[in-house]
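S.K.: This is the structure I want to talk about, given as structure tokens.
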Amino acid sequence: MQHYLLKALTLAKLKRGFCSPNPAVGAVVVRDNEIIAEGFHQGPGTHHAEVDALCKLTPEQTQSATLYVTLEPCCIYGRTPPCTDLIIKSQLAKVVYAFKDPNPRVSGQGAQILNQANILCEHHPLTEINNFYQSYAYWWQHKKPWVSIKLALSKDQKIAGVKSQFIKITGPEADHYTHKERLHCDAILTTVKTILHDNPQLNARINNTIYSKPLYIIDRLLQLPESAQVHLTAKNITLFHQAHVDKIKLTTLQQRGIRCHAIETSNNLLDLAAIISQMGDNGIHDLWVEVGSHVFNSFLKAKLANRVLIYQSDNALGPTAYPANITKELFKDFKSETCFKLVTDSLTIYLRH
């Protein structure tokens, strides 16, 4: 049983970061101790994992087979019909799911409908799958994304060169780790200051394949330049700005297909909590944040980060480089989950208590 659920988890991971506002789900159909079909959800409006797997089989093949799925089968109409309908029609003997859907319209009810249809439906939780759906459960509980934020430091706690000049701090292994994190997030959040200083691509580049991601930018005064690489590399762009901005700039950006959201300000700073809430309203479960030290500190002080990744290089930048100005006090609500080497760099991951 565990073997088949872990196989379903492997399938779910294929599309993590591409299914929002839906969760990524994987499924396998087993008959006579052999996997006869596999399926996974590929994104909103496409077949759910169970349907993706069952559609590959004939009615004769599905009869008396067992379906293993990472998440409780849905029983409601959305962009697609309920999975429970096809499961019942397929005359499966049994369904095993690992994670109870936190959606109150589904939770426990998908399993109940199948049991009432004389299809044995069992809940078999696994730690690996519980962890996989941590952000999905968090979103349903708080209607906010699970926030992961990263910062790269030199050996002497610096983040940039003289006068904030961009300088490469970490090596290729750390870059690869970051790109994997970007790949599996639903969206990336940065600041216009980061765009202006570094002109990053902010996409995921894995094994010579480029994946564009939805990009959100904190840009109070609508300063995003037309020359920024993100216009070419992001799947779509959303700007958060103050209420009173240059109307010509606003219209020009909107005509380019950029979404613009006005956010409340305090002391000439946008309300970060309101930004996170807006992203939750947009159905973002997993948010990856790449910002400078000032906004990084603000995220931690406001208790908006769930997970913090600190990369540290073995190389120092010297006394004239730009300091990070982070203190241990910022991490009082976090515990160190893991720390490991990435060849020339180290990575420490902290989780909020």
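Convention: chains lettered A, B, ... in structure tokens order; per-chain residue numbering from 1; ligands numbered from 1 as shown.
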Among segment 14-104 of chain A, which ones does DSSP assign to alpha helix (DSSP H) (computed from the backbone)? Answer as a ChimeraX atom specification.
M.R.: /A:49-54,59-62,83-89
S.K.: Write to file, as a PDB file, in the first residue's frame, the residues of the selection just made, with N, CA, C and O atoms.
M.R.:
ATOM      1  N   ALA A  49      -6.130  13.788 -11.243  1.00  0.00           N
ATOM      2  CA  ALA A  49      -5.235  12.630 -11.341  1.00  0.00           C
ATOM      3  C   ALA A  49      -5.992  11.317 -11.498  1.00  0.00           C
ATOM      4  O   ALA A  49      -5.615  10.449 -12.296  1.00  0.00           O
ATOM      5  N   GLU A  50      -7.081  11.159 -10.723  1.00  0.00           N
ATOM      6  CA  GLU A  50      -7.840   9.919 -10.776  1.00  0.00           C
ATOM      7  C   GLU A  50      -8.430   9.693 -12.171  1.00  0.00           C
ATOM      8  O   GLU A  50      -8.381   8.587 -12.723  1.00  0.00           O
ATOM      9  N   VAL A  51      -8.990  10.744 -12.722  1.00  0.00           N
ATOM     10  CA  VAL A  51      -9.592  10.656 -14.051  1.00  0.00           C
ATOM     11  C   VAL A  51      -8.517  10.430 -15.115  1.00  0.00           C
ATOM     12  O   VAL A  51      -8.694   9.637 -16.050  1.00  0.00           O
ATOM     13  N   ASP A  52      -7.393  11.114 -14.952  1.00  0.00           N
ATOM     14  CA  ASP A  52      -6.281  10.957 -15.898  1.00  0.00           C
ATOM     15  C   ASP A  52      -5.831   9.501 -15.962  1.00  0.00           C
ATOM     16  O   ASP A  52      -5.534   8.974 -17.044  1.00  0.00           O
ATOM     17  N   ALA A  53      -5.807   8.837 -14.824  1.00  0.00           N
ATOM     18  CA  ALA A  53      -5.397   7.425 -14.790  1.00  0.00           C
ATOM     19  C   ALA A  53      -6.501   6.508 -15.323  1.00  0.00           C
ATOM     20  O   ALA A  53      -6.249   5.631 -16.163  1.00  0.00           O
ATOM     21  N   LEU A  54      -7.728   6.716 -14.868  1.00  0.00           N
ATOM     22  CA  LEU A  54      -8.825   5.812 -15.238  1.00  0.00           C
ATOM     23  C   LEU A  54      -9.177   5.897 -16.715  1.00  0.00           C
ATOM     24  O   LEU A  54      -9.613   4.898 -17.319  1.00  0.00           O
ATOM     25  N   PRO A  59     -13.283  -0.475 -19.333  1.00  0.00           N
ATOM     26  CA  PRO A  59     -14.139  -0.849 -18.206  1.00  0.00           C
ATOM     27  C   PRO A  59     -13.772  -2.217 -17.624  1.00  0.00           C
ATOM     28  O   PRO A  59     -13.867  -2.414 -16.405  1.00  0.00           O
ATOM     29  N   GLU A  60     -13.332  -3.115 -18.471  1.00  0.00           N
ATOM     30  CA  GLU A  60     -12.941  -4.452 -17.984  1.00  0.00           C
ATOM     31  C   GLU A  60     -11.710  -4.367 -17.092  1.00  0.00           C
ATOM     32  O   GLU A  60     -11.589  -5.112 -16.114  1.00  0.00           O
ATOM     33  N   GLN A  61     -10.804  -3.452 -17.405  1.00  0.00           N
ATOM     34  CA  GLN A  61      -9.578  -3.321 -16.620  1.00  0.00           C
ATOM     35  C   GLN A  61      -9.823  -2.674 -15.259  1.00  0.00           C
ATOM     36  O   GLN A  61      -9.153  -2.992 -14.280  1.00  0.00           O
ATOM     37  N   THR A  62     -10.767  -1.749 -15.213  1.00  0.00           N
ATOM     38  CA  THR A  62     -10.992  -1.041 -13.951  1.00  0.00           C
ATOM     39  C   THR A  62     -11.820  -1.850 -12.957  1.00  0.00           C
ATOM     40  O   THR A  62     -11.712  -1.636 -11.745  1.00  0.00           O
ATOM     41  N   CYS A  83     -14.589  13.638  -9.296  1.00  0.00           N
ATOM     42  CA  CYS A  83     -13.859  12.397  -9.565  1.00  0.00           C
ATOM     43  C   CYS A  83     -14.627  11.182  -9.068  1.00  0.00           C
ATOM     44  O   CYS A  83     -14.504  10.087  -9.619  1.00  0.00           O
ATOM     45  N   THR A  84     -15.407  11.380  -8.012  1.00  0.00           N
ATOM     46  CA  THR A  84     -16.162  10.255  -7.462  1.00  0.00           C
ATOM     47  C   THR A  84     -17.122   9.660  -8.499  1.00  0.00           C
ATOM     48  O   THR A  84     -17.393   8.455  -8.481  1.00  0.00           O
ATOM     49  N   ASP A  85     -17.628  10.476  -9.420  1.00  0.00           N
ATOM     50  CA  ASP A  85     -18.555   9.967 -10.448  1.00  0.00           C
ATOM     51  C   ASP A  85     -17.883   8.902 -11.317  1.00  0.00           C
ATOM     52  O   ASP A  85     -18.434   7.809 -11.526  1.00  0.00           O
ATOM     53  N   LEU A  86     -16.702   9.202 -11.827  1.00  0.00           N
ATOM     54  CA  LEU A  86     -16.015   8.254 -12.700  1.00  0.00           C
ATOM     55  C   LEU A  86     -15.504   7.055 -11.913  1.00  0.00           C
ATOM     56  O   LEU A  86     -15.515   5.926 -12.424  1.00  0.00           O
ATOM     57  N   ILE A  87     -15.100   7.273 -10.671  1.00  0.00           N
ATOM     58  CA  ILE A  87     -14.633   6.153  -9.844  1.00  0.00           C
ATOM     59  C   ILE A  87     -15.762   5.145  -9.656  1.00  0.00           C
ATOM     60  O   ILE A  87     -15.568   3.926  -9.782  1.00  0.00           O
ATOM     61  N   ILE A  88     -16.958   5.647  -9.373  1.00  0.00           N
ATOM     62  CA  ILE A  88     -18.110   4.756  -9.196  1.00  0.00           C
ATOM     63  C   ILE A  88     -18.462   4.061 -10.509  1.00  0.00           C
ATOM     64  O   ILE A  88     -18.713   2.842 -10.554  1.00  0.00           O
ATOM     65  N   LYS A  89     -18.460   4.818 -11.588  1.00  0.00           N
ATOM     66  CA  LYS A  89     -18.765   4.252 -12.900  1.00  0.00           C
ATOM     67  C   LYS A  89     -17.766   3.177 -13.299  1.00  0.00           C
ATOM     68  O   LYS A  89     -18.117   2.200 -13.984  1.00  0.00           O
TER      69      LYS A  89
END
S.K.: For the atom pair atom CA of Trp146 of chain A and atom CA of Lys213 of chain A, what is the interatomic distance in Å to one decimal place?
M.R.: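 Separation of atom CA of Trp146 of chain A and atom CA of Lys213 of chain A: 16.5 Å.
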S.K.: May I ask which of the residues A:His261, A:Lys100, A:Arg307, A:Lys335 is the closest one to Glu181 of chain A, counting only C-alpha atoms?
M.R.: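 Counting only C-alpha atoms, the residue closest to Glu181 of chain A is A:Arg307.
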S.K.: Quick check for you: according to DSSP on this backbone, which residues of segment 207-317 of chain A are classed as strand (DSSP E)? Reply as a PyMOL selection string.
M.R.: chain A and resi 209-211+214-218+236-241+259-262+265-266+269-270+286-290+307-313
S.K.: Generate the output file for the selected residues, C-alpha atoms, as an mmCIF file, in the first residue's frame.
M.R.:
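Everything below was put into part.cif:
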data_model
loop_
_atom_site.group_PDB
_atom_site.id
_atom_site.type_symbol
_atom_site.label_atom_id
_atom_site.label_comp_id
_atom_site.auth_asym_id
_atom_site.auth_seq_id
_atom_site.Cartn_x
_atom_site.Cartn_y
_atom_site.Cartn_z
ATOM 1 C CA THR A 209 14.815 23.654 -19.677
ATOM 2 C CA ILE A 210 13.303 27.036 -18.805
ATOM 3 C CA TYR A 211 10.063 27.286 -16.823
ATOM 4 C CA PRO A 214 3.920 33.986 -12.224
ATOM 5 C CA LEU A 215 5.832 36.965 -10.851
ATOM 6 C CA TYR A 216 4.621 39.490 -8.274
ATOM 7 C CA ILE A 217 6.608 42.692 -7.731
ATOM 8 C CA ILE A 218 6.422 45.157 -4.855
ATOM 9 C CA ASN A 236 2.732 36.894 -16.067
ATOM 10 C CA ILE A 237 3.456 39.936 -13.925
ATOM 11 C CA THR A 238 1.483 41.545 -11.121
ATOM 12 C CA LEU A 239 2.569 44.817 -9.493
ATOM 13 C CA PHE A 240 1.635 45.973 -6.007
ATOM 14 C CA HIS A 241 1.613 49.763 -5.773
ATOM 15 C CA ARG A 259 -1.934 43.385 -13.526
ATOM 16 C CA CYS A 260 -1.737 46.234 -11.015
ATOM 17 C CA HIS A 261 -3.118 46.100 -7.440
ATOM 18 C CA ALA A 262 -3.285 49.128 -5.145
ATOM 19 C CA THR A 265 0.618 52.114 2.779
ATOM 20 C CA SER A 266 2.102 53.075 6.128
ATOM 21 C CA LEU A 269 5.747 51.425 2.706
ATOM 22 C CA LEU A 270 3.258 48.986 1.250
ATOM 23 C CA ASP A 286 3.385 28.133 -2.228
ATOM 24 C CA LEU A 287 5.142 31.501 -2.464
ATOM 25 C CA TRP A 288 8.888 31.895 -3.056
ATOM 26 C CA VAL A 289 10.308 35.282 -2.033
ATOM 27 C CA GLU A 290 13.571 36.799 -3.301
ATOM 28 C CA ARG A 307 10.274 29.028 6.041
ATOM 29 C CA VAL A 308 13.611 30.827 5.751
ATOM 30 C CA LEU A 309 16.573 29.708 3.655
ATOM 31 C CA ILE A 310 19.963 31.259 4.385
ATOM 32 C CA TYR A 311 22.736 30.569 1.891
ATOM 33 C CA GLN A 312 26.204 31.462 3.130
ATOM 34 C CA SER A 313 29.313 31.595 0.988
#
S.K.: Which residues come within 10 Å of Val245 of chain A, counting only C-alpha atoms, excluding same-chain residues fewer than 2 positions away, as a list in words?
M.R.: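 Everything that qualifies: Arg220, Leu221, Leu222, His241, Gln242, Ala243, Lys247, Ile248, Lys249, Leu250 and Ala262 of chain A.
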S.K.: Since we have the selection now, will you write its residues out, keeping N, CA and C atoms, as a JSON list (two decimals), in the first residue's frame?
M.R.:
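Heads up, here's the output in selection.json:
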[["chain", "number", "residue", "atom", "x", "y", "z"],
["A", 220, "ARG", "N", 5.95, 50.24, -5.35],
["A", 220, "ARG", "CA", 5.06, 51.28, -4.81],
["A", 220, "ARG", "C", 4.78, 52.40, -5.80],
["A", 221, "LEU", "N", 5.78, 52.83, -6.54],
["A", 221, "LEU", "CA", 5.64, 53.99, -7.43],
["A", 221, "LEU", "C", 5.64, 53.62, -8.92],
["A", 222, "LEU", "N", 5.44, 52.33, -9.21],
["A", 222, "LEU", "CA", 5.41, 51.85, -10.61],
["A", 222, "LEU", "C", 6.69, 52.23, -11.36],
["A", 241, "HIS", "N", 1.23, 48.36, -5.80],
["A", 241, "HIS", "CA", 1.61, 49.76, -5.77],
["A", 241, "HIS", "C", 0.72, 50.53, -4.81],
["A", 242, "GLN", "N", 1.10, 51.76, -4.49],
["A", 242, "GLN", "CA", 0.27, 52.60, -3.64],
["A", 242, "GLN", "C", -0.94, 53.12, -4.43],
["A", 243, "ALA", "N", -1.92, 53.64, -3.70],
["A", 243, "ALA", "CA", -3.17, 54.04, -4.36],
["A", 243, "ALA", "C", -2.97, 55.18, -5.34],
["A", 247, "LYS", "N", -0.98, 58.15, -13.45],
["A", 247, "LYS", "CA", -2.02, 57.46, -14.22],
["A", 247, "LYS", "C", -1.52, 57.02, -15.60],
["A", 248, "ILE", "N", -0.61, 57.79, -16.16],
["A", 248, "ILE", "CA", -0.07, 57.41, -17.47],
["A", 248, "ILE", "C", 0.76, 56.14, -17.34],
["A", 249, "LYS", "N", 1.59, 56.06, -16.29],
["A", 249, "LYS", "CA", 2.38, 54.85, -16.04],
["A", 249, "LYS", "C", 1.47, 53.66, -15.84],
["A", 250, "LEU", "N", 0.43, 53.86, -15.02],
["A", 250, "LEU", "CA", -0.49, 52.77, -14.71],
["A", 250, "LEU", "C", -1.16, 52.25, -15.98],
["A", 262, "ALA", "N", -3.59, 48.09, -6.13],
["A", 262, "ALA", "CA", -3.29, 49.13, -5.14],
["A", 262, "ALA", "C", -3.34, 48.52, -3.75]]
S.K.: Check the smallest atom-to-atom distance from each of A:Asp219, A:Glu329, A:Asp101, A:Asp345 to Leu272 of chain A using only C-alpha atoms, then report the winner.
M.R.: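 Going through A:Asp219, A:Glu329, A:Asp101, A:Asp345 one by one, the smallest distance to Leu272 of chain A is for A:Asp219.
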S.K.: Give me, please, the distance in Å between atom CA of Val28 of chain A and atom CA of Ala8 of chain A, quoted to one decimal.
M.R.: 5.9 Å
S.K.: Would you work out the distance separating atom CA of Ile263 of chain A from atom CA of Leu151 of chain A, expressed in Å to one decimal?
M.R.: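 Separating atom CA of Ile263 of chain A from atom CA of Leu151 of chain A is a distance of 24.8 Å.
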S.K.: With distances taken over only C-alpha atoms, which of A:Asn131, A:Ser227, A:Ser90, A:Asn103 is nearest to Leu9 of chain A?
M.R.: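 Ranking A:Asn131, A:Ser227, A:Ser90, A:Asn103 by distance to Leu9 of chain A, first place goes to A:Asn131.
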S.K.: Using only C-alpha atoms, can you tell me which of A:Lys303, A:His48, A:His176, A:His184 comes closest to Leu14 of chain A?
M.R.: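 Going through A:Lys303, A:His48, A:His176, A:His184 one by one, the smallest distance to Leu14 of chain A is for A:His184.
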S.K.: Give the answer as one residue: which of A:Asn267, A:Val291, A:Pro125, A:Pro172 has the shortest atom-to-atom distance to His197 of chain A, using only C-alpha atoms?
M.R.: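 Distance minimum relative to His197 of chain A lands on A:Val291.
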S.K.: Measuring atom to atom with only C-alpha atoms, identify which of A:His285, A:His231, A:Lys341, A:Arg205 is nearest to Tyr133 of chain A.
M.R.: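 The shortest atom-to-atom distance to Tyr133 of chain A comes from A:His285.
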